[in-house]
$ cat input.cif   # mmCIF, N, CA and C atoms
data_entry
#
loop_
_atom_site.group_PDB
_atom_site.id
_atom_site.type_symbol
_atom_site.label_atom_id
_atom_site.label_comp_id
_atom_site.auth_asym_id
_atom_site.auth_seq_id
_atom_site.Cartn_x
_atom_site.Cartn_y
_atom_site.Cartn_z
ATOM 1 N N MET A 1 121.742 136.098 168.456
ATOM 2 C CA MET A 1 122.545 135.468 167.410
ATOM 3 C C MET A 1 122.011 135.873 166.037
ATOM 4 N N THR A 2 122.906 136.181 165.155
ATOM 5 C CA THR A 2 122.492 136.619 163.827
ATOM 6 C C THR A 2 122.657 135.488 162.826
ATOM 7 N N GLU A 3 121.970 135.647 161.694
ATOM 8 C CA GLU A 3 122.044 134.643 160.631
ATOM 9 C C GLU A 3 123.472 134.498 160.119
ATOM 10 N N LYS A 4 124.231 135.596 160.122
ATOM 11 C CA LYS A 4 125.625 135.548 159.659
ATOM 12 C C LYS A 4 126.458 134.578 160.486
ATOM 13 N N MET A 5 126.116 134.440 161.778
ATOM 14 C CA MET A 5 126.841 133.513 162.650
ATOM 15 C C MET A 5 126.599 132.069 162.242
ATOM 16 N N PHE A 6 125.537 131.839 161.457
ATOM 17 C CA PHE A 6 125.166 130.488 161.053
ATOM 18 C C PHE A 6 125.332 130.274 159.548
ATOM 19 N N ASP A 7 126.205 131.036 158.928
ATOM 20 C CA ASP A 7 126.414 130.921 157.482
ATOM 21 C C ASP A 7 127.030 129.558 157.159
ATOM 22 N N PRO A 8 126.371 128.745 156.309
ATOM 23 C CA PRO A 8 126.921 127.420 155.992
ATOM 24 C C PRO A 8 128.314 127.490 155.366
ATOM 25 N N LYS A 9 128.629 128.598 154.703
ATOM 26 C CA LYS A 9 129.953 128.779 154.097
ATOM 27 C C LYS A 9 131.044 128.754 155.165
ATOM 28 N N ASP A 10 130.690 129.196 156.387
ATOM 29 C CA ASP A 10 131.657 129.261 157.477
ATOM 30 C C ASP A 10 131.539 128.083 158.454
ATOM 31 N N VAL A 11 130.318 127.805 158.910
ATOM 32 C CA VAL A 11 130.142 126.818 159.991
ATOM 33 C C VAL A 11 129.979 125.385 159.507
ATOM 34 N N ALA A 12 129.724 125.202 158.206
ATOM 35 C CA ALA A 12 129.537 123.848 157.681
ATOM 36 C C ALA A 12 130.334 123.651 156.394
ATOM 37 N N SER A 13 131.545 124.209 156.374
ATOM 38 C CA SER A 13 132.379 124.129 155.165
ATOM 39 C C SER A 13 132.862 122.708 154.879
ATOM 40 N N ASN A 14 132.696 121.792 155.841
ATOM 41 C CA ASN A 14 133.023 120.388 155.589
ATOM 42 C C ASN A 14 132.053 119.773 154.577
ATOM 43 N N VAL A 15 130.883 120.372 154.429
ATOM 44 C CA VAL A 15 129.838 119.852 153.549
ATOM 45 C C VAL A 15 129.525 120.818 152.406
ATOM 46 N N TYR A 16 129.461 122.108 152.720
ATOM 47 C CA TYR A 16 129.026 123.118 151.754
ATOM 48 C C TYR A 16 130.199 123.712 150.990
ATOM 49 N N ASN A 17 130.110 123.654 149.651
ATOM 50 C CA ASN A 17 131.099 124.246 148.768
ATOM 51 C C ASN A 17 130.415 125.394 148.026
ATOM 52 N N PHE A 18 130.837 126.615 148.312
ATOM 53 C CA PHE A 18 130.275 127.813 147.695
ATOM 54 C C PHE A 18 130.554 127.808 146.199
ATOM 55 N N ILE A 19 129.508 128.071 145.401
ATOM 56 C CA ILE A 19 129.662 128.103 143.940
ATOM 57 C C ILE A 19 129.603 129.529 143.403
ATOM 58 N N MET A 20 128.514 130.257 143.732
ATOM 59 C CA MET A 20 128.375 131.627 143.214
ATOM 60 C C MET A 20 127.318 132.380 143.985
ATOM 61 N N GLU A 21 127.346 133.701 143.804
ATOM 62 C CA GLU A 21 126.364 134.568 144.442
ATOM 63 C C GLU A 21 126.153 135.800 143.576
ATOM 64 N N ASN A 22 124.895 136.265 143.530
ATOM 65 C CA ASN A 22 124.596 137.554 142.920
ATOM 66 C C ASN A 22 123.516 138.229 143.767
ATOM 67 N N GLU A 23 122.877 139.248 143.254
ATOM 68 C CA GLU A 23 121.898 139.973 144.054
ATOM 69 C C GLU A 23 120.604 139.198 144.301
ATOM 70 N N ARG A 24 120.392 138.077 143.588
ATOM 71 C CA ARG A 24 119.139 137.329 143.725
ATOM 72 C C ARG A 24 119.276 135.949 144.358
ATOM 73 N N VAL A 25 120.443 135.297 144.200
ATOM 74 C CA VAL A 25 120.624 133.937 144.716
ATOM 75 C C VAL A 25 122.035 133.727 145.243
ATOM 76 N N ARG A 26 122.180 132.663 146.034
ATOM 77 C CA ARG A 26 123.488 132.168 146.452
ATOM 78 C C ARG A 26 123.419 130.659 146.254
ATOM 79 N N VAL A 27 124.474 130.074 145.653
ATOM 80 C CA VAL A 27 124.434 128.671 145.253
ATOM 81 C C VAL A 27 125.583 127.901 145.890
ATOM 82 N N PHE A 28 125.238 126.704 146.402
ATOM 83 C CA PHE A 28 126.208 125.794 147.009
ATOM 84 C C PHE A 28 126.056 124.401 146.427
ATOM 85 N N ASN A 29 127.151 123.669 146.416
ATOM 86 C CA ASN A 29 127.113 122.225 146.247
ATOM 87 C C ASN A 29 127.341 121.670 147.642
ATOM 88 N N ALA A 30 126.482 120.759 148.082
ATOM 89 C CA ALA A 30 126.627 120.154 149.405
ATOM 90 C C ALA A 30 126.829 118.656 149.237
ATOM 91 N N THR A 31 127.931 118.140 149.770
ATOM 92 C CA THR A 31 128.247 116.715 149.678
ATOM 93 C C THR A 31 128.403 116.154 151.082
ATOM 94 N N PHE A 32 127.517 115.214 151.423
ATOM 95 C CA PHE A 32 127.512 114.571 152.735
ATOM 96 C C PHE A 32 127.928 113.114 152.589
ATOM 97 N N LYS A 33 129.042 112.739 153.176
ATOM 98 C CA LYS A 33 129.411 111.325 153.238
ATOM 99 C C LYS A 33 128.513 110.669 154.293
ATOM 100 N N PRO A 34 128.344 109.340 154.247
ATOM 101 C CA PRO A 34 127.516 108.686 155.261
ATOM 102 C C PRO A 34 127.973 109.065 156.670
ATOM 103 N N GLY A 35 127.028 109.486 157.506
ATOM 104 C CA GLY A 35 127.322 109.871 158.875
ATOM 105 C C GLY A 35 127.826 111.293 159.047
ATOM 106 N N GLU A 36 128.100 111.987 157.958
ATOM 107 C CA GLU A 36 128.647 113.345 158.064
ATOM 108 C C GLU A 36 127.573 114.340 158.494
ATOM 109 N N ILE A 37 127.991 115.319 159.300
ATOM 110 C CA ILE A 37 127.086 116.317 159.868
ATOM 111 C C ILE A 37 127.510 117.714 159.438
ATOM 112 N N ALA A 38 126.518 118.521 159.045
ATOM 113 C CA ALA A 38 126.722 119.951 158.834
ATOM 114 C C ALA A 38 126.211 120.630 160.093
ATOM 115 N N SER A 39 127.101 121.280 160.828
ATOM 116 C CA SER A 39 126.726 121.958 162.076
ATOM 117 C C SER A 39 125.567 122.911 161.845
ATOM 118 N N MET A 40 124.940 123.318 162.939
ATOM 119 C CA MET A 40 123.802 124.232 162.888
ATOM 120 C C MET A 40 124.128 125.415 161.975
ATOM 121 N N HIS A 41 123.238 125.632 160.983
ATOM 122 C CA HIS A 41 123.440 126.696 160.008
ATOM 123 C C HIS A 41 122.101 127.244 159.536
ATOM 124 N N HIS A 42 122.136 128.405 158.899
ATOM 125 C CA HIS A 42 120.930 129.111 158.454
ATOM 126 C C HIS A 42 120.837 129.122 156.933
ATOM 127 N N HIS A 43 119.593 128.946 156.452
ATOM 128 C CA HIS A 43 119.281 129.181 155.040
ATOM 129 C C HIS A 43 118.049 130.066 154.974
ATOM 130 N N PRO A 44 118.037 131.070 154.098
ATOM 131 C CA PRO A 44 116.766 131.729 153.791
ATOM 132 C C PRO A 44 115.921 130.730 152.990
ATOM 133 N N ASP A 45 114.765 131.117 152.501
ATOM 134 C CA ASP A 45 114.015 130.215 151.622
ATOM 135 C C ASP A 45 114.991 129.671 150.588
ATOM 136 N N HIS A 46 114.899 128.351 150.309
ATOM 137 C CA HIS A 46 115.861 127.764 149.381
ATOM 138 C C HIS A 46 115.294 126.565 148.634
ATOM 139 N N VAL A 47 115.897 126.321 147.477
ATOM 140 C CA VAL A 47 115.534 125.206 146.613
ATOM 141 C C VAL A 47 116.704 124.236 146.630
ATOM 142 N N VAL A 48 116.376 122.930 146.754
ATOM 143 C CA VAL A 48 117.401 121.887 146.784
ATOM 144 C C VAL A 48 117.162 120.932 145.624
ATOM 145 N N TYR A 49 118.145 120.799 144.748
ATOM 146 C CA TYR A 49 118.102 119.818 143.662
ATOM 147 C C TYR A 49 119.006 118.657 144.073
ATOM 148 N N VAL A 50 118.470 117.443 144.009
ATOM 149 C CA VAL A 50 119.188 116.258 144.475
ATOM 150 C C VAL A 50 120.011 115.667 143.327
ATOM 151 N N LEU A 51 121.340 115.815 143.432
ATOM 152 C CA LEU A 51 122.250 115.260 142.430
ATOM 153 C C LEU A 51 122.482 113.773 142.655
ATOM 154 N N LYS A 52 122.652 113.374 143.925
ATOM 155 C CA LYS A 52 122.798 111.966 144.324
ATOM 156 C C LYS A 52 121.960 111.775 145.575
ATOM 157 N N GLY A 53 120.967 110.914 145.484
ATOM 158 C CA GLY A 53 119.993 110.752 146.552
ATOM 159 C C GLY A 53 120.495 110.036 147.791
ATOM 160 N N GLY A 54 119.686 110.134 148.839
ATOM 161 C CA GLY A 54 119.974 109.484 150.105
ATOM 162 C C GLY A 54 119.038 109.981 151.179
ATOM 163 N N LYS A 55 119.391 109.728 152.423
ATOM 164 C CA LYS A 55 118.564 110.137 153.564
ATOM 165 C C LYS A 55 119.298 111.171 154.390
ATOM 166 N N ILE A 56 118.571 112.245 154.706
ATOM 167 C CA ILE A 56 119.148 113.309 155.517
ATOM 168 C C ILE A 56 118.224 113.596 156.688
ATOM 169 N N LYS A 57 118.852 113.813 157.837
ATOM 170 C CA LYS A 57 118.096 114.175 159.040
ATOM 171 C C LYS A 57 118.346 115.642 159.319
ATOM 172 N N LEU A 58 117.254 116.418 159.389
ATOM 173 C CA LEU A 58 117.328 117.832 159.712
ATOM 174 C C LEU A 58 116.812 118.023 161.131
ATOM 175 N N THR A 59 117.595 118.681 161.970
ATOM 176 C CA THR A 59 117.202 118.943 163.349
ATOM 177 C C THR A 59 117.169 120.442 163.566
ATOM 178 N N SER A 60 116.019 120.929 164.052
ATOM 179 C CA SER A 60 115.830 122.347 164.279
ATOM 180 C C SER A 60 114.865 122.558 165.433
ATOM 181 N N GLU A 61 115.269 123.381 166.385
ATOM 182 C CA GLU A 61 114.424 123.725 167.522
ATOM 183 C C GLU A 61 113.859 122.488 168.211
ATOM 184 N N GLY A 62 114.692 121.460 168.378
ATOM 185 C CA GLY A 62 114.283 120.247 169.074
ATOM 186 C C GLY A 62 113.446 119.289 168.255
ATOM 187 N N LYS A 63 113.149 119.643 167.004
ATOM 188 C CA LYS A 63 112.360 118.773 166.130
ATOM 189 C C LYS A 63 113.284 118.130 165.103
ATOM 190 N N THR A 64 112.996 116.864 164.810
ATOM 191 C CA THR A 64 113.795 116.131 163.831
ATOM 192 C C THR A 64 112.902 115.695 162.678
ATOM 193 N N ASN A 65 113.421 115.848 161.472
ATOM 194 C CA ASN A 65 112.704 115.441 160.276
ATOM 195 C C ASN A 65 113.677 114.680 159.383
ATOM 196 N N ILE A 66 113.312 113.463 158.978
ATOM 197 C CA ILE A 66 114.160 112.690 158.069
ATOM 198 C C ILE A 66 113.539 112.746 156.682
ATOM 199 N N LEU A 67 114.353 113.178 155.720
ATOM 200 C CA LEU A 67 113.912 113.278 154.332
ATOM 201 C C LEU A 67 114.595 112.206 153.498
ATOM 202 N N ASP A 68 113.815 111.490 152.718
ATOM 203 C CA ASP A 68 114.348 110.510 151.778
ATOM 204 C C ASP A 68 114.404 111.204 150.421
ATOM 205 N N LEU A 69 115.598 111.629 150.034
ATOM 206 C CA LEU A 69 115.781 112.451 148.834
ATOM 207 C C LEU A 69 116.135 111.581 147.635
ATOM 208 N N GLU A 70 115.339 111.684 146.581
ATOM 209 C CA GLU A 70 115.558 110.899 145.362
ATOM 210 C C GLU A 70 116.384 111.685 144.356
ATOM 211 N N THR A 71 117.332 111.012 143.719
ATOM 212 C CA THR A 71 118.131 111.625 142.667
ATOM 213 C C THR A 71 117.207 112.230 141.614
ATOM 214 N N GLY A 72 117.501 113.475 141.225
ATOM 215 C CA GLY A 72 116.737 114.150 140.187
ATOM 216 C C GLY A 72 115.526 114.916 140.687
ATOM 217 N N LYS A 73 115.198 114.798 141.959
ATOM 218 C CA LYS A 73 114.042 115.510 142.522
ATOM 219 C C LYS A 73 114.464 116.875 143.039
ATOM 220 N N THR A 74 113.512 117.784 143.141
ATOM 221 C CA THR A 74 113.740 119.119 143.657
ATOM 222 C C THR A 74 112.744 119.394 144.776
ATOM 223 N N ILE A 75 113.229 120.006 145.866
ATOM 224 C CA ILE A 75 112.333 120.385 146.956
ATOM 225 C C ILE A 75 112.552 121.846 147.310
ATOM 226 N N PHE A 76 111.523 122.455 147.885
ATOM 227 C CA PHE A 76 111.598 123.819 148.382
ATOM 228 C C PHE A 76 111.516 123.766 149.897
ATOM 229 N N LEU A 77 112.392 124.510 150.580
ATOM 230 C CA LEU A 77 112.373 124.580 152.037
ATOM 231 C C LEU A 77 112.284 126.041 152.462
ATOM 232 N N ASN A 78 111.409 126.313 153.422
ATOM 233 C CA ASN A 78 111.292 127.660 153.979
ATOM 234 C C ASN A 78 112.535 128.004 154.783
ATOM 235 N N GLU A 79 112.713 129.299 155.031
ATOM 236 C CA GLU A 79 113.835 129.767 155.836
ATOM 237 C C GLU A 79 113.911 128.989 157.143
ATOM 238 N N GLN A 80 115.133 128.602 157.521
ATOM 239 C CA GLN A 80 115.314 127.844 158.751
ATOM 240 C C GLN A 80 116.766 127.788 159.177
ATOM 241 N N ILE A 81 116.935 127.499 160.460
ATOM 242 C CA ILE A 81 118.245 127.164 161.013
ATOM 243 C C ILE A 81 118.160 125.700 161.398
ATOM 244 N N HIS A 82 119.105 124.893 160.912
ATOM 245 C CA HIS A 82 119.071 123.463 161.220
ATOM 246 C C HIS A 82 120.469 122.855 161.208
ATOM 247 N N GLU A 83 120.545 121.665 161.805
ATOM 248 C CA GLU A 83 121.717 120.807 161.677
ATOM 249 C C GLU A 83 121.299 119.725 160.698
ATOM 250 N N ALA A 84 122.199 119.295 159.838
ATOM 251 C CA ALA A 84 121.873 118.278 158.841
ATOM 252 C C ALA A 84 122.866 117.125 158.946
ATOM 253 N N GLU A 85 122.326 115.897 158.905
ATOM 254 C CA GLU A 85 123.168 114.703 159.009
ATOM 255 C C GLU A 85 122.742 113.679 157.967
ATOM 256 N N ASN A 86 123.731 113.121 157.260
ATOM 257 C CA ASN A 86 123.456 112.032 156.324
ATOM 258 C C ASN A 86 123.268 110.764 157.146
ATOM 259 N N VAL A 87 122.032 110.268 157.212
ATOM 260 C CA VAL A 87 121.731 109.055 157.973
ATOM 261 C C VAL A 87 121.563 107.846 157.050
ATOM 262 N N GLY A 88 121.939 108.001 155.787
ATOM 263 C CA GLY A 88 121.860 106.917 154.824
ATOM 264 C C GLY A 88 123.193 106.189 154.684
ATOM 265 N N GLN A 89 123.230 105.268 153.745
ATOM 266 C CA GLN A 89 124.409 104.432 153.524
ATOM 267 C C GLN A 89 125.287 104.922 152.374
ATOM 268 N N SER A 90 124.815 105.933 151.644
ATOM 269 C CA SER A 90 125.573 106.412 150.486
ATOM 270 C C SER A 90 125.845 107.908 150.603
ATOM 271 N N THR A 91 126.780 108.391 149.796
ATOM 272 C CA THR A 91 127.085 109.817 149.761
ATOM 273 C C THR A 91 125.908 110.556 149.137
ATOM 274 N N LEU A 92 125.516 111.634 149.774
ATOM 275 C CA LEU A 92 124.398 112.469 149.339
ATOM 276 C C LEU A 92 124.974 113.745 148.751
ATOM 277 N N GLU A 93 124.517 114.124 147.556
ATOM 278 C CA GLU A 93 125.019 115.339 146.921
ATOM 279 C C GLU A 93 123.851 116.209 146.485
ATOM 280 N N LEU A 94 123.898 117.480 146.888
ATOM 281 C CA LEU A 94 122.811 118.407 146.651
ATOM 282 C C LEU A 94 123.315 119.696 146.027
ATOM 283 N N LEU A 95 122.465 120.308 145.223
ATOM 284 C CA LEU A 95 122.688 121.663 144.748
ATOM 285 C C LEU A 95 121.691 122.528 145.514
ATOM 286 N N VAL A 96 122.199 123.455 146.310
ATOM 287 C CA VAL A 96 121.358 124.285 147.180
ATOM 288 C C VAL A 96 121.371 125.711 146.646
ATOM 289 N N VAL A 97 120.175 126.238 146.332
ATOM 290 C CA VAL A 97 120.039 127.588 145.806
ATOM 291 C C VAL A 97 119.233 128.405 146.818
ATOM 292 N N GLU A 98 119.924 129.308 147.511
ATOM 293 C CA GLU A 98 119.275 130.187 148.484
ATOM 294 C C GLU A 98 118.698 131.390 147.742
ATOM 295 N N LEU A 99 117.459 131.729 148.085
ATOM 296 C CA LEU A 99 116.790 132.864 147.464
ATOM 297 C C LEU A 99 116.965 134.089 148.346
ATOM 298 N N LYS A 100 117.322 135.205 147.753
ATOM 299 C CA LYS A 100 117.468 136.435 148.510
ATOM 300 C C LYS A 100 116.172 137.220 148.444
ATOM 301 N N LYS A 101 115.887 137.942 149.523
ATOM 302 C CA LYS A 101 114.623 138.704 149.563
ATOM 303 C C LYS A 101 114.828 140.117 149.086
#
$ encode --input "input.cif" --output "structure tokens"
Amino acid sequence: MTEKMFDPKDVASNVYNFIMENERVRVFNATFKPGEIASMHHHPDHVVYVLKGGKIKLTSEGKTNILDLETGKTIFLNEQIHEAENVGQSTLELLVVELKK
């Protein structure tokens, strides 16, 4: 399976809204309603800026990690394939900036 098969633009378009791309980055706005799931998808190394905070569960390779994301905070995540689910009570909104190698 290739990373292209797991492109969030295609497999998780219910959550990911493509904003722009150039030779160095690709940018998405991701909006998760409570209980909403983004199917298994791939990101290269990426930076996430939290526009509206909440709780997200990331599942990858049988491991689950719940992140409590605060509005205005920024996190860095290494390359990964994961499923993402809003496990909080409010809508979660993120700006996702994928870094190209």
$ residues_around --input "input.cif" --residues "A:Glu83" --least-positions-apart "5" --cutoff "9 Å" --atoms "only C-alpha atoms" --output "VMD selection string"
chain A and resid 37 to 42 57 to 60
$ closest_residue --input "input.cif" --among "A:Gly88, A:Pro8, A:Pro44, A:Pro34" --to "A:Lys101" --atoms "only N, CA and C atoms"
A:Pro44
$ select_by_dssp --input "input.cif" --residues "stretch 6-81 of chain A" --states "strand (DSSP E)" --output "ChimeraX atom specification"
/A:16-21,25-32,37-43,46-52,54-60,63-69,74-77,80-81
$ residues_around --input "input.cif" --residues "A:Val96" --least-positions-apart "4" --cutoff "5 Å" --atoms "all atoms listed in the file" --output "ChimeraX atom specification"
/A:27-29,47-48
$ resolve_selection --input "input.cif" --expression "the PyMOL selection byres ((chain A and resi 72) around 6.5)" --output "MDAnalysis selection string"
chainID A and resid 49:53 70:71 73:74
$ select_by_dssp --input "input.cif" --residues "chain A" --states "alpha helix (DSSP H)" --output "VMD selection string"
chain A and resid 8 to 11
$ atom_distance --input "input.cif" --atom1 "atom CA of A:Glu36" --atom2 "atom C of A:Val15"
9.4 Å
$ closest_residue --input "input.cif" --among "A:Glu79, A:Ala30, A:Lys9, A:Asn86" --to "A:Asp45" --atoms "all atoms listed in the file"
A:Glu79
$ residues_around --input "input.cif" --residues "A:Arg26" --least-positions-apart "2" --cutoff "8 Å" --atoms "only C-alpha atoms" --output "list in words"
Ile19, Met20, Glu21, Asn22, Arg24, Phe28, Val97, Glu98, Leu99 and Lys100 of chain A
$ write_last_selection --input "input.cif" --atoms "N, CA and C atoms" --output "CSV table (one decimal), keeping the file's coordinate frame"
chain,number,residue,atom,x,y,z
A,19,ILE,N,129.5,128.1,145.4
A,19,ILE,CA,129.7,128.1,143.9
A,19,ILE,C,129.6,129.5,143.4
A,20,MET,N,128.5,130.3,143.7
A,20,MET,CA,128.4,131.6,143.2
A,20,MET,C,127.3,132.4,144.0
A,21,GLU,N,127.3,133.7,143.8
A,21,GLU,CA,126.4,134.6,144.4
A,21,GLU,C,126.2,135.8,143.6
A,22,ASN,N,124.9,136.3,143.5
A,22,ASN,CA,124.6,137.6,142.9
A,22,ASN,C,123.5,138.2,143.8
A,24,ARG,N,120.4,138.1,143.6
A,24,ARG,CA,119.1,137.3,143.7
A,24,ARG,C,119.3,135.9,144.4
A,28,PHE,N,125.2,126.7,146.4
A,28,PHE,CA,126.2,125.8,147.0
A,28,PHE,C,126.1,124.4,146.4
A,97,VAL,N,120.2,126.2,146.3
A,97,VAL,CA,120.0,127.6,145.8
A,97,VAL,C,119.2,128.4,146.8
A,98,GLU,N,119.9,129.3,147.5
A,98,GLU,CA,119.3,130.2,148.5
A,98,GLU,C,118.7,131.4,147.7
A,99,LEU,N,117.5,131.7,148.1
A,99,LEU,CA,116.8,132.9,147.5
A,99,LEU,C,117.0,134.1,148.3
A,100,LYS,N,117.3,135.2,147.8
A,100,LYS,CA,117.5,136.4,148.5
A,100,LYS,C,116.2,137.2,148.4
$ residues_near_point --input "input.cif" --point "(115.5, 116.3, 152.7)" --cutoff "7 Å" --atoms "all atoms listed in the file" --output "short mmCIF file (atom, residue, chain, number, x, y, z; two decimals) with N, CA and C atoms, in the frame of the given file"
data_model
loop_
_atom_site.label_atom_id
_atom_site.label_comp_id
_atom_site.auth_asym_id
_atom_site.auth_seq_id
_atom_site.Cartn_x
_atom_site.Cartn_y
_atom_site.Cartn_z
N LYS A 55 119.39 109.73 152.42
CA LYS A 55 118.56 110.14 153.56
C LYS A 55 119.30 111.17 154.39
N ILE A 56 118.57 112.24 154.71
CA ILE A 56 119.15 113.31 155.52
C ILE A 56 118.22 113.60 156.69
N LYS A 57 118.85 113.81 157.84
CA LYS A 57 118.10 114.18 159.04
C LYS A 57 118.35 115.64 159.32
N LEU A 58 117.25 116.42 159.39
CA LEU A 58 117.33 117.83 159.71
C LEU A 58 116.81 118.02 161.13
N ILE A 66 113.31 113.46 158.98
CA ILE A 66 114.16 112.69 158.07
C ILE A 66 113.54 112.75 156.68
N LEU A 67 114.35 113.18 155.72
CA LEU A 67 113.91 113.28 154.33
C LEU A 67 114.60 112.21 153.50
N ASP A 68 113.82 111.49 152.72
CA ASP A 68 114.35 110.51 151.78
C ASP A 68 114.40 111.20 150.42
N LEU A 69 115.60 111.63 150.03
CA LEU A 69 115.78 112.45 148.83
C LEU A 69 116.14 111.58 147.64
#
$ atom_distance --input "input.cif" --atom1 "atom CA of A:His46" --atom2 "atom N of A:Gln89"
24.1 Å
$ resolve_selection --input "input.cif" --expression "the PyMOL selection byres ((chain A and resi 31) around 7)" --output "list in words"
Asn14, Val15, Tyr16, Asn17, Asn29, Ala30, Phe32, Lys33, Thr91, Leu92, Glu93 and Leu94 of chain A
$ closest_residue --input "input.cif" --among "A:Glu23, A:His43, A:Lys4, A:Gly54" --to "A:His82" --atoms "all atoms listed in the file"
A:His43
$ atom_distance --input "input.cif" --atom1 "atom N of A:Phe6" --atom2 "atom C of A:Val87"
24.7 Å
$ closest_residue --input "input.cif" --among "A:Lys63, A:Ser90, A:Asp10, A:Leu95" --to "A:Ile75" --atoms "only C-alpha atoms"
A:Leu95
$ decode --input "input.cif" --residues "stretch 88-101 of chain A" --atoms "N, CA, C and O atoms" --output "short mmCIF file (atom, residue, chain, number, x, y, z; two decimals), in the first residue's frame"
data_model
loop_
_atom_site.label_atom_id
_atom_site.label_comp_id
_atom_site.auth_asym_id
_atom_site.auth_seq_id
_atom_site.Cartn_x
_atom_site.Cartn_y
_atom_site.Cartn_z
N GLY A 88 -14.27 14.19 22.02
CA GLY A 88 -14.71 15.24 22.92
C GLY A 88 -16.17 15.61 22.68
O GLY A 88 -16.86 15.00 21.86
N GLN A 89 -16.61 16.64 23.38
CA GLN A 89 -18.00 17.08 23.32
C GLN A 89 -18.20 18.28 22.39
O GLN A 89 -19.33 18.69 22.17
N SER A 90 -17.11 18.84 21.87
CA SER A 90 -17.23 20.03 21.03
C SER A 90 -16.55 19.79 19.68
O SER A 90 -15.76 18.87 19.52
N THR A 91 -16.86 20.65 18.72
CA THR A 91 -16.24 20.58 17.40
C THR A 91 -14.77 20.98 17.54
O THR A 91 -14.44 21.97 18.19
N LEU A 92 -13.91 20.19 16.93
CA LEU A 92 -12.47 20.40 16.95
C LEU A 92 -12.05 20.92 15.59
O LEU A 92 -12.44 20.36 14.56
N GLU A 93 -11.28 22.01 15.56
CA GLU A 93 -10.83 22.57 14.29
C GLU A 93 -9.33 22.77 14.32
O GLU A 93 -8.79 23.38 15.24
N LEU A 94 -8.66 22.25 13.28
CA LEU A 94 -7.21 22.26 13.22
C LEU A 94 -6.73 22.80 11.89
O LEU A 94 -7.36 22.63 10.87
N LEU A 95 -5.57 23.43 11.92
CA LEU A 95 -4.85 23.79 10.71
C LEU A 95 -3.67 22.83 10.64
O LEU A 95 -2.84 22.79 11.54
N VAL A 96 -3.63 22.01 9.60
CA VAL A 96 -2.61 20.96 9.46
C VAL A 96 -1.68 21.34 8.32
O VAL A 96 -2.11 21.53 7.19
N VAL A 97 -0.37 21.46 8.64
CA VAL A 97 0.63 21.82 7.65
C VAL A 97 1.59 20.64 7.51
O VAL A 97 2.37 20.35 8.41
N GLU A 98 1.49 19.95 6.37
CA GLU A 98 2.37 18.82 6.08
C GLU A 98 3.67 19.36 5.48
O GLU A 98 3.64 20.20 4.59
N LEU A 99 4.79 18.84 5.97
CA LEU A 99 6.09 19.25 5.48
C LEU A 99 6.56 18.28 4.41
O LEU A 99 6.47 17.06 4.58
N LYS A 100 7.04 18.79 3.31
CA LYS A 100 7.55 17.94 2.25
C LYS A 100 9.05 17.77 2.42
O LYS A 100 9.74 18.67 2.86
N LYS A 101 9.54 16.59 2.03
CA LYS A 101 10.98 16.32 2.20
C LYS A 101 11.75 16.67 0.96
O LYS A 101 11.24 16.79 -0.10
#
